[in-house]
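Worksheet for the structure shown next.
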Amino acid sequence: MNTELLKTLGKNASTKRFREGHVILRENETTADEMFIILAGRVGVYKNFAQPDEIKLTELNAGEFFGEMSLFLHKERTATVVCLSDFVILLAISRINAYEIFESHPELTYSIIRSLCQRLDESNQHRAGNMNLVKLFTDYNDGETPPVSTPAAEFFLIDPNVNLFPAGHKTYDFAIPAAPSVAVSKKKHKCPLCMHSFAAYAMRGTHVNSVVGQGKDFRVTHEGIDAIHYDVVTCPNCYFSTLEGFFKEPIASRFYVNADKIKEYKSKVNMCFNMEREINNIFAGYYLALKCAPLFYAKSESLCANLWLRLMWLYRDCGDKTLERLANEKAYALYLTVFENTNMKPAAAQQTCVMIGELALRVNDVPTAKAYFTRAKTFRQGNQALIGMAEEGLRTIRNTSRY
């Protein structure tokens with residue numbers, strides 16, 4: 001943006017400053033008559049902001065703009081815009097002064113028209129891609145919802161040669177007790193890949209605080225339910241799978257390119273989507289999520305580390321020590337990568353150090369375990385509970401002959 005244009009905007013447009021988390025404008029507002037140009041900072045654009053079906057549409061940075069629909073077409077806001085950086089500085093162009101600004105600086109008008117055309121083109125391509133994906137992934141006519149799968153007691157594997165699982169993985173008979181109805185509910189989702197709407201069973205938010213214990217590796221036990229049996233969400237239409245917290249965050253542009261890489265599993269694995277939890281079905285969900293992670297996420301190491309950690313817990317429940325160790329080694333390597341390549345906040349870094357120390361100890365990498373427990377213990381203003389876990393890990397190294 002040139003100096004002359006800034007001078008004109010300074011005379012005719014007001015400057016506004018916001019802090020991180022501030023809602024600049026809200027979806028469906030009808031009294032709006034301004035558009036905004038971002039001078040500094042970063043904002044997020046959302047549909048259904050702060051609702052269960054919230055969707056993050058995009059992020060905008062300095063030099064980009066938003067709110068033009070309300071300015072030019074007198075329409076209500078179509079999305080919510082929220083500050084994502086520490087501070088955001090905007091230039092607000094109102095309906096009153098817009099004509100003078102655009103008349104004086106046609107280059108600004110051209111820039112806005114060009115950006116609008118790009119957005120329209122991307123929207124058309126995305127819509128066409130979604131239509132192709134729906135056709136690609138579904139065998140049902142007229143938008144029918146796929147039928148409910150067979151009961152969980154029936155095994156899900158159709159093709160015994162499917163390359164979903166690691167060598168040595170078996171059919172397990174670990175029985176999962178039925179969770180009390182007070183602990184489980186259905187949660188609505190819309191698959192970001194095939195756009196299919198569905199409901200999946202999840203632990204109720206009101207039950208999250210019913211913690212009865214936590215292990216050294218941060219496995220939390222809740223009253224009457226094990227959260228890891230519900231952590232993965234799988235779309236019943238296309239089999240896109242991931243941890244619930246990541247379900248709305250994949251990279252949309254990767255969908256069509258990588259769709260066929262998970263489509264093959266739909267004809268080979270018969271997933272169950274009822275309330276009853278079945279261990280083999282749960283394993284399938286986790287391994288589908290591991291297949292999806294590098295295909296649809298830019299930095300998938302953290303997601304994969306979380307998935308392998310939970311697989312370690314599942315194999316432990318099933319008494320499979322060989323694959324428990326494999327999952328431990330995978331999680332350990334990934335957490336190390338994440339820690340070394342991510343600028344974490346102190347609290348997250350301290351917890352990750354404890355996790356790495358514990359995982360290293362379980363695979364007999366004592367020097368690394370000692371180093372990371374020590375780092376966790378010496379964090380300035382560190383969490384006392386985490387310091388206690390680190391000290392316990394160091395005592396284990398000192399007092400156990402095994403180490």
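Scheme for the structure tokens: letters A, B, ... for chains in order shown; per-chain residue numbers from 1; ligand numbers from 1 in order shown.
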
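If you count only C-alpha atoms and ignore residues fewer than 5 places along the chain from His189 (chain A), what sits within 8 Å of it is Asp53, Ser197, Phe198, Ala199 and Ala200 of chain A.
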
Could you write those residues out with N, CA and C atoms, as a PDB file, in the first residue's frame?
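This is the output file result.pdb:
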```pdb
ATOM      1  N   ASP A  53     -20.774 -26.665  15.897  1.00  0.00           N
ATOM      2  CA  ASP A  53     -20.445 -26.920  14.493  1.00  0.00           C
ATOM      3  C   ASP A  53     -19.610 -25.794  13.892  1.00  0.00           C
ATOM      4  N   SER A 197     -22.926 -34.984   6.899  1.00  0.00           N
ATOM      5  CA  SER A 197     -23.304 -34.684   8.282  1.00  0.00           C
ATOM      6  C   SER A 197     -23.626 -35.982   9.015  1.00  0.00           C
ATOM      7  N   PHE A 198     -23.122 -36.094  10.234  1.00  0.00           N
ATOM      8  CA  PHE A 198     -23.357 -37.319  10.999  1.00  0.00           C
ATOM      9  C   PHE A 198     -23.210 -37.009  12.488  1.00  0.00           C
ATOM     10  N   ALA A 199     -23.601 -37.953  13.314  1.00  0.00           N
ATOM     11  CA  ALA A 199     -23.454 -37.826  14.757  1.00  0.00           C
ATOM     12  C   ALA A 199     -22.581 -38.968  15.257  1.00  0.00           C
ATOM     13  N   ALA A 200     -21.674 -38.648  16.178  1.00  0.00           N
ATOM     14  CA  ALA A 200     -20.775 -39.660  16.736  1.00  0.00           C
ATOM     15  C   ALA A 200     -20.865 -39.635  18.258  1.00  0.00           C
TER      16      ALA A 200
END
```

| task | Excluding Ile282 (chain A) and residues on its chain fewer than 6 positions from it, collect all residues at most 10 Å away from it, counting only C-alpha atoms, and give them as a ChimeraX atom specification. | result | /A:228-232,271-272,288,311,314

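The shortest atom-to-atom distance to Thr171 (chain A), with only C-alpha atoms taken into account, belongs to A:Glu278 out of A:Glu278, A:Asp365, A:Glu76, A:Glu264.
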
Inset, instruction - Go through A:Tyr332, A:Phe87, A:Phe165, A:Tyr287 and flag the residue nearest Ala305 (chain A), using only C-alpha atoms for the distances. - result: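 Checking each of A:Tyr332, A:Phe87, A:Phe165, A:Tyr287 against Ala305 (chain A), counting only C-alpha atoms, the winner is A:Tyr332.
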
Which residues of region 248-309 of chain A come within 10 Å of region 179-182 of chain A, and for each one, what is the closest pair of atoms and their distance in Å to one decimal, counting only C-alpha atoms, sorted by chain and residue number, as a Markdown table?
```
| residue | atom | partner | partner_atom | distance |
| --- | --- | --- | --- | --- |
| A:Met275 | CA | A:Ala179 | CA | 8.8 |
| A:Glu276 | CA | A:Ala179 | CA | 8.3 |
| A:Arg277 | CA | A:Ala179 | CA | 8.8 |
```

For the residues in that selection, give me N, CA, C and O atoms as a PDB file, in the first residue's frame.
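Just written: result.pdb:
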```pdb
ATOM      1  N   MET A 275     -23.220 -47.136  19.763  1.00  0.00           N
ATOM      2  CA  MET A 275     -22.744 -46.720  21.083  1.00  0.00           C
ATOM      3  C   MET A 275     -21.816 -47.755  21.707  1.00  0.00           C
ATOM      4  O   MET A 275     -20.891 -47.413  22.438  1.00  0.00           O
ATOM      5  N   GLU A 276     -22.051 -49.006  21.419  1.00  0.00           N
ATOM      6  CA  GLU A 276     -21.234 -50.068  21.998  1.00  0.00           C
ATOM      7  C   GLU A 276     -19.799 -49.964  21.472  1.00  0.00           C
ATOM      8  O   GLU A 276     -19.566 -49.899  20.265  1.00  0.00           O
ATOM      9  N   ARG A 277     -18.833 -49.956  22.375  1.00  0.00           N
ATOM     10  CA  ARG A 277     -17.422 -49.875  21.975  1.00  0.00           C
ATOM     11  C   ARG A 277     -16.848 -51.275  21.817  1.00  0.00           C
ATOM     12  O   ARG A 277     -17.078 -52.152  22.649  1.00  0.00           O
TER      13      ARG A 277
END
```

Taking into account only C-alpha atoms, which residue in the set A:Leu164, A:Ala327, A:Ala32, A:Val211 is nearest to Gly285 (chain A)?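 Of the candidates, the smallest distance to Gly285 (chain A) is held by A:Leu164.
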
Residues flagged helix (DSSP H, G or I) by DSSP in region 188-265 of chain A, as number ranges by chain: A: 205-207, 227-229, 244-246, 252-265

Just to be explicit: take each residue in the selection above, keep N, CA, C and O atoms, and write the result as an mmCIF file, in the first residue's frame.
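Produced file part.cif, reproduced below:
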```cif
data_model
loop_
_atom_site.group_PDB
_atom_site.id
_atom_site.type_symbol
_atom_site.label_atom_id
_atom_site.label_comp_id
_atom_site.auth_asym_id
_atom_site.auth_seq_id
_atom_site.Cartn_x
_atom_site.Cartn_y
_atom_site.Cartn_z
ATOM 1 N N GLY A 205 -19.368 -33.480 27.919
ATOM 2 C CA GLY A 205 -18.537 -32.438 28.491
ATOM 3 C C GLY A 205 -18.689 -32.340 29.996
ATOM 4 O O GLY A 205 -17.727 -32.027 30.717
ATOM 5 N N THR A 206 -19.884 -32.636 30.492
ATOM 6 C CA THR A 206 -20.130 -32.568 31.935
ATOM 7 C C THR A 206 -19.425 -33.689 32.689
ATOM 8 O O THR A 206 -19.343 -33.656 33.917
ATOM 9 N N HIS A 207 -18.925 -34.698 31.945
ATOM 10 C CA HIS A 207 -18.275 -35.841 32.594
ATOM 11 C C HIS A 207 -16.749 -35.710 32.584
ATOM 12 O O HIS A 207 -16.055 -36.541 33.175
ATOM 13 N N ALA A 227 -11.868 -42.418 28.077
ATOM 14 C CA ALA A 227 -11.978 -41.428 26.998
ATOM 15 C C ALA A 227 -11.318 -41.889 25.708
ATOM 16 O O ALA A 227 -11.764 -41.512 24.611
ATOM 17 N N ILE A 228 -10.268 -42.722 25.798
ATOM 18 C CA ILE A 228 -9.577 -43.121 24.568
ATOM 19 C C ILE A 228 -10.454 -43.984 23.662
ATOM 20 O O ILE A 228 -10.161 -44.135 22.479
ATOM 21 N N HIS A 229 -11.530 -44.534 24.195
ATOM 22 C CA HIS A 229 -12.447 -45.309 23.361
ATOM 23 C C HIS A 229 -13.353 -44.413 22.526
ATOM 24 O O HIS A 229 -14.083 -44.903 21.659
ATOM 25 N N GLU A 244 -10.793 -35.924 17.807
ATOM 26 C CA GLU A 244 -11.902 -34.973 17.738
ATOM 27 C C GLU A 244 -11.431 -33.522 17.703
ATOM 28 O O GLU A 244 -11.957 -32.698 16.963
ATOM 29 N N GLY A 245 -10.394 -33.197 18.465
ATOM 30 C CA GLY A 245 -9.914 -31.820 18.511
ATOM 31 C C GLY A 245 -9.312 -31.334 17.207
ATOM 32 O O GLY A 245 -9.139 -30.128 17.014
ATOM 33 N N PHE A 246 -8.973 -32.251 16.312
ATOM 34 C CA PHE A 246 -8.376 -31.892 15.031
ATOM 35 C C PHE A 246 -9.372 -31.994 13.873
ATOM 36 O O PHE A 246 -9.021 -31.697 12.727
ATOM 37 N N ALA A 252 -7.929 -28.014 3.384
ATOM 38 C CA ALA A 252 -8.971 -28.345 2.412
ATOM 39 C C ALA A 252 -8.400 -28.654 1.037
ATOM 40 O O ALA A 252 -8.906 -29.523 0.326
ATOM 41 N N SER A 253 -7.333 -27.957 0.640
ATOM 42 C CA SER A 253 -6.784 -28.144 -0.706
ATOM 43 C C SER A 253 -6.193 -29.537 -0.912
ATOM 44 O O SER A 253 -5.948 -29.947 -2.050
ATOM 45 N N ARG A 254 -5.962 -30.266 0.183
ATOM 46 C CA ARG A 254 -5.389 -31.609 0.057
ATOM 47 C C ARG A 254 -6.445 -32.691 -0.099
ATOM 48 O O ARG A 254 -6.116 -33.856 -0.323
ATOM 49 N N PHE A 255 -7.715 -32.336 0.058
ATOM 50 C CA PHE A 255 -8.765 -33.343 0.061
ATOM 51 C C PHE A 255 -8.821 -34.135 -1.241
ATOM 52 O O PHE A 255 -8.730 -35.353 -1.262
ATOM 53 N N TYR A 256 -9.012 -33.424 -2.324
ATOM 54 C CA TYR A 256 -9.270 -34.116 -3.588
ATOM 55 C C TYR A 256 -8.042 -34.897 -4.037
ATOM 56 O O TYR A 256 -8.146 -35.995 -4.579
ATOM 57 N N VAL A 257 -6.845 -34.347 -3.808
ATOM 58 C CA VAL A 257 -5.610 -34.998 -4.228
ATOM 59 C C VAL A 257 -5.416 -36.331 -3.514
ATOM 60 O O VAL A 257 -4.984 -37.315 -4.117
ATOM 61 N N ASN A 258 -5.764 -36.377 -2.222
ATOM 62 C CA ASN A 258 -5.473 -37.560 -1.414
ATOM 63 C C ASN A 258 -6.692 -38.425 -1.108
ATOM 64 O O ASN A 258 -6.583 -39.394 -0.358
ATOM 65 N N ALA A 259 -7.826 -38.070 -1.680
ATOM 66 C CA ALA A 259 -9.061 -38.776 -1.341
ATOM 67 C C ALA A 259 -8.979 -40.274 -1.604
ATOM 68 O O ALA A 259 -9.407 -41.088 -0.781
ATOM 69 N N ASP A 260 -8.403 -40.659 -2.737
ATOM 70 C CA ASP A 260 -8.379 -42.080 -3.097
ATOM 71 C C ASP A 260 -7.496 -42.897 -2.163
ATOM 72 O O ASP A 260 -7.618 -44.115 -2.080
ATOM 73 N N LYS A 261 -6.606 -42.214 -1.408
ATOM 74 C CA LYS A 261 -5.695 -42.931 -0.527
ATOM 75 C C LYS A 261 -6.387 -43.444 0.735
ATOM 76 O O LYS A 261 -5.863 -44.319 1.418
ATOM 77 N N ILE A 262 -7.536 -42.876 1.082
ATOM 78 C CA ILE A 262 -8.299 -43.449 2.194
ATOM 79 C C ILE A 262 -9.570 -44.138 1.708
ATOM 80 O O ILE A 262 -10.158 -44.939 2.427
ATOM 81 N N LYS A 263 -9.988 -43.818 0.469
ATOM 82 C CA LYS A 263 -11.188 -44.453 -0.088
ATOM 83 C C LYS A 263 -11.057 -45.971 -0.116
ATOM 84 O O LYS A 263 -12.021 -46.698 0.122
ATOM 85 N N GLU A 264 -9.844 -46.466 -0.366
ATOM 86 C CA GLU A 264 -9.643 -47.913 -0.478
ATOM 87 C C GLU A 264 -10.034 -48.654 0.799
ATOM 88 O O GLU A 264 -10.473 -49.805 0.746
ATOM 89 N N TYR A 265 -9.923 -47.989 1.946
ATOM 90 C CA TYR A 265 -10.202 -48.674 3.200
ATOM 91 C C TYR A 265 -11.691 -48.914 3.410
ATOM 92 O O TYR A 265 -12.080 -49.810 4.158
#
```

* Can you tell me, as a ChimeraX atom specification, what residues are no more than 10 Å from Thr368 (chain A) when counting only C-alpha atoms, ignoring any on the same chain fewer than 4 positions away? -> /A:356-361,364,372-374

Could you tell me how far CA of Glu20 (chain A) sits from CA of Lys47 (chain A), in Å to one decimal place?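 One can read the CA of Lys47 (chain A) to CA of Glu20 (chain A) distance as 18.5 Å.
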
Among A:Arg26, A:Lys16, A:Arg219, A:Arg95, Met355 (chain A) is approached most closely, using only C-alpha atoms, by A:Arg219
